[in-house]
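Q: Shown below is the structure under consideration.
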Amino acid sequence: MRKIILTGDRPTGRLHLGHYVGSLRRRVALQNSGEYEKILIMIADAQALTDNFDNPEKVRQNIIEVALDYLSVGLDPSISILFVQSQISELTELTYYYLNLVSVARLYRNPTVKAEIQMRNFEASIPTGFLCYPVSQAADITAFKATTVPVGEDQLPMLEQTREIVRKFNSIYQETLVEPDVLLPENSACMRLPGTDGKAKMSKSLGNCIFLADDPEEVRQKIMNMYTDPLHLKVSDPGHVEGNTVFTYLDAFCQPRHFGEYLPEYASLDELKEHYQRGGLGDVKIKKFLNSIIQEELAPIRERRKEYEKDIGAVYDILKAGCNAARAIAQQTLNEVKAAMKINYFDDEALIQTHKEKYANGTI
Ligand code: ATP
Ligand code: MG
């Protein structure tokens with residue numbers, strides 16, 4: 001079967017380490033594997049507007065930021081199609097038709113949407129667009145017949161919703177849409193990277209992020225101020241590694257070779273964890289180790305970003321070309337969807353002929 005990737009990010013801020021381990025790093029590896037027929041990476045501005053409708057300037061300013069982050073992590077526009085959601089009106093049209101296939105109760109049951117409603121204090125008056133954004137995500141995924149969606153764990157309910165819509169559409173109308181599979185990070189620490197404050201998720205909306213574009217000093221300060229184990233007051237105290245953000249980040253980023261390079265007194269992460277749990281290992285030492293690792297990972301990303309920043313016009317051109325390519329694919333799917341839903345009146349010679357005959361006979 002043809003393998004197609006669709007995934008994306010909301011332009012509500014610059015991209016951060018959570019995006020990187022949850023999805024970006026994987027996308028680049030998949031892109032470079034050569035196994036995919038098409039790779040579509042979407043800047044989800046229409047979705048960002050569902051909870052930022054009163055702040056379009058924020059969304060507008062962040063399109064270029066996200067595009068620069070994409071290019072700087074190694075997404076290659078000669079292989080992957082980078083595009084902006086709102087410019088593909090076919091996606092909005094598909095959403096409208098899919099809305100018929102989903103009940104309001106089903107939307108309220110989505111655990112990610114529930115958590116986000118709470119976080120945004122939307123309980124009293126949820127914008128309908130926000131409640132329905134999982135349906136618009138189904139349109140994004142199916143418009144490109146994506147088979148594979150590499151995302152963080154928070155997106156699981158969206159994928160389930162998409163699969164339900166696909167099954168319902170195909171059974172009511174005719175086999176048209178493709179049921180996608182989710183591709184979660186292999187490493188559990190990457191499924192949902194916590195924020196530097198120890199909160200469950202690093203998220204632009206929570207202000208607890210290390211951004212890919214942060215300068216080395218900003219990164220260092222954020223790491224040195226990171227949440228660890230509140231019970232580990234003195235170096236000699238036994239410490240906890242579960243729920244300790246520094247260790248979660250080490251789980252996400254540390255490789256065996258890092259010990260030789262930055263902390264040769266330990267042979268492995270397990271040994272480091274054991275020492276911390278036993279007592280006698282201070283937070284500053286583990287934070288410095290983490291800082292060395294993160295700085296090494298971010299340095300080439302930052303350098304590539306600087307290169308692309310020199311020609312912003314070219315980055316806009318990349319997005320524009322990506323939009324044209326994406327639109328052509330979505331248009332094809334929309335035509336098939338409309339045909340399946342029998343709303344392709346003017347393309348349907350048989351329909352017109354039947355009606356001609358009906359009324360020709362009627363007048364005899
Ligand atoms: P917002 O607060 O505006 O929702 P966000 O930081 O949650 O922003 P999104 O654009 O919603 O970012 O998410 C884009 C992708 O990054 C999704 O695939 C999501 O699963 C993944 N992702 C976001 N944050 C994390 C995280 N902390 N850990 C792992 N994956 C993440
Ligand atoms: Mg989000």
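By order of appearance in the structure tokens: chains A, B, ..., then residues from 1 within every chain, and ligands from 1 in the order shown.
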All residues within 10 Å of ligand 2 are required, counting only C-alpha atoms and all ligand atoms; please report them as a PDB file with C-alpha atoms, in the first residue's frame.
A:
ATOM      1  CA  ASP A   9       1.565  21.914  14.487  1.00  0.00           C
ATOM      2  CA  ARG A  10      -0.436  24.911  15.581  1.00  0.00           C
ATOM      3  CA  THR A  12       0.628  29.518  18.441  1.00  0.00           C
ATOM      4  CA  HIS A  19       7.356  18.884  19.667  1.00  0.00           C
ATOM      5  CA  ALA A  48      -5.096  27.625  16.089  1.00  0.00           C
ATOM      6  CA  THR A 112      -7.821  15.896  25.186  1.00  0.00           C
ATOM      7  CA  VAL A 113     -10.513  18.412  24.258  1.00  0.00           C
ATOM      8  CA  GLU A 116      -7.974  21.800  26.883  1.00  0.00           C
ATOM      9  CA  GLY A 152       2.545  12.810  20.624  1.00  0.00           C
ATOM     10  CA  ASP A 154      -2.196  13.795  23.364  1.00  0.00           C
ATOM     11  CA  GLN A 155      -3.296  13.260  19.774  1.00  0.00           C
ATOM     12  CA  LYS A 201       3.027  18.550  29.316  1.00  0.00           C
ATOM     13  CA  MET A 202       5.440  21.022  27.840  1.00  0.00           C
ATOM     14  CA  SER A 203       3.027  23.300  26.020  1.00  0.00           C
ATOM     15  CA  LYS A 204       3.153  26.719  24.436  1.00  0.00           C
ATOM     16  CA  SER A 205      -0.057  27.557  26.285  1.00  0.00           C
TER      17      SER A 205
END
Q: Show me, as a tab-separated table, the residues of chain A having an atom within 9 Å of ligand 1, each with the closest atom pair and its distance in Å, using only C-alpha atoms and all ligand atoms.
A:
residue	atom	partner	partner_atom_place_in_ligand_line	distance
A:Thr7	CA	ligand 1	18 (O)	7.0
A:Gly8	CA	ligand 1	14 (C)	6.1
A:Asp9	CA	ligand 1	10 (O)	3.7
A:Arg10	CA	ligand 1	10 (O)	3.8
A:Pro11	CA	ligand 1	10 (O)	6.7
A:Thr12	CA	ligand 1	3 (O)	5.0
A:Gly13	CA	ligand 1	3 (O)	7.2
A:Arg14	CA	ligand 1	6 (O)	8.8
A:Leu15	CA	ligand 1	6 (O)	7.3
A:His16	CA	ligand 1	6 (O)	7.3
A:Leu17	CA	ligand 1	27 (N)	7.3
A:Gly18	CA	ligand 1	26 (C)	3.6
A:His19	CA	ligand 1	16 (O)	4.0
A:Tyr20	CA	ligand 1	30 (N)	7.3
A:Val21	CA	ligand 1	29 (C)	6.1
A:Gly22	CA	ligand 1	30 (N)	3.5
A:Ser23	CA	ligand 1	18 (O)	5.6
A:Leu24	CA	ligand 1	16 (O)	7.6
A:Ile43	CA	ligand 1	10 (O)	8.5
A:Ala44	CA	ligand 1	10 (O)	7.7
A:Ala48	CA	ligand 1	3 (O)	6.9
A:Asp51	CA	ligand 1	3 (O)	8.7
A:Glu116	CA	ligand 1	4 (O)	8.1
A:Val149	CA	ligand 1	18 (O)	8.5
A:Pro150	CA	ligand 1	18 (O)	6.8
A:Val151	CA	ligand 1	18 (O)	3.5
A:Gly152	CA	ligand 1	20 (O)	3.1
A:Glu153	CA	ligand 1	20 (O)	5.6
A:Asp154	CA	ligand 1	20 (O)	5.1
A:Gln155	CA	ligand 1	20 (O)	5.2
A:Leu156	CA	ligand 1	20 (O)	8.3
A:Leu184	CA	ligand 1	20 (O)	8.7
A:Pro185	CA	ligand 1	29 (C)	8.3
A:Ala189	CA	ligand 1	28 (N)	8.3
A:Cys190	CA	ligand 1	29 (C)	5.4
A:Met191	CA	ligand 1	29 (C)	4.8
A:Arg192	CA	ligand 1	28 (N)	3.4
A:Leu193	CA	ligand 1	28 (N)	3.8
A:Pro194	CA	ligand 1	27 (N)	5.6
A:Gly195	CA	ligand 1	27 (N)	6.8
A:Ala200	CA	ligand 1	27 (N)	7.8
A:Lys201	CA	ligand 1	27 (N)	4.4
A:Met202	CA	ligand 1	27 (N)	3.8
A:Ser203	CA	ligand 1	6 (O)	3.5
A:Lys204	CA	ligand 1	2 (O)	4.3
A:Ser205	CA	ligand 1	2 (O)	3.9
A:Leu206	CA	ligand 1	2 (O)	6.8
A:Gly207	CA	ligand 1	2 (O)	8.8
A:Cys209	CA	ligand 1	6 (O)	8.3
Q: To one decimal in Å, tell me the separation between atom CA of A:Gly239 and atom CA of A:Glu217.
A: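 Rounded to one decimal, the two atoms are 27.2 Å apart.
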Q: Which of these, A:Thr196, A:Gln161, A:Thr92, A:Thr228, has the shortest distance to A:Asn110 once you count only C-alpha atoms?
A: A:Gln161
Q: Near stretch 335-343 of chain A, counting only C-alpha atoms, which residues have an atom at most 8 Å away, once you skip same-chain residues fewer than 2 positions from it, shown as a ChimeraX atom specification?
A: /A:173-174,176,331-333,345
Q: Run DSSP on the backbone and tell me which residues of stretch 84-206 of chain A come out as alpha helix (DSSP H); list them as number ranges by chain.
A: A: 89-98, 104-109, 111-119, 128-131, 133-143, 156-172, 188-191
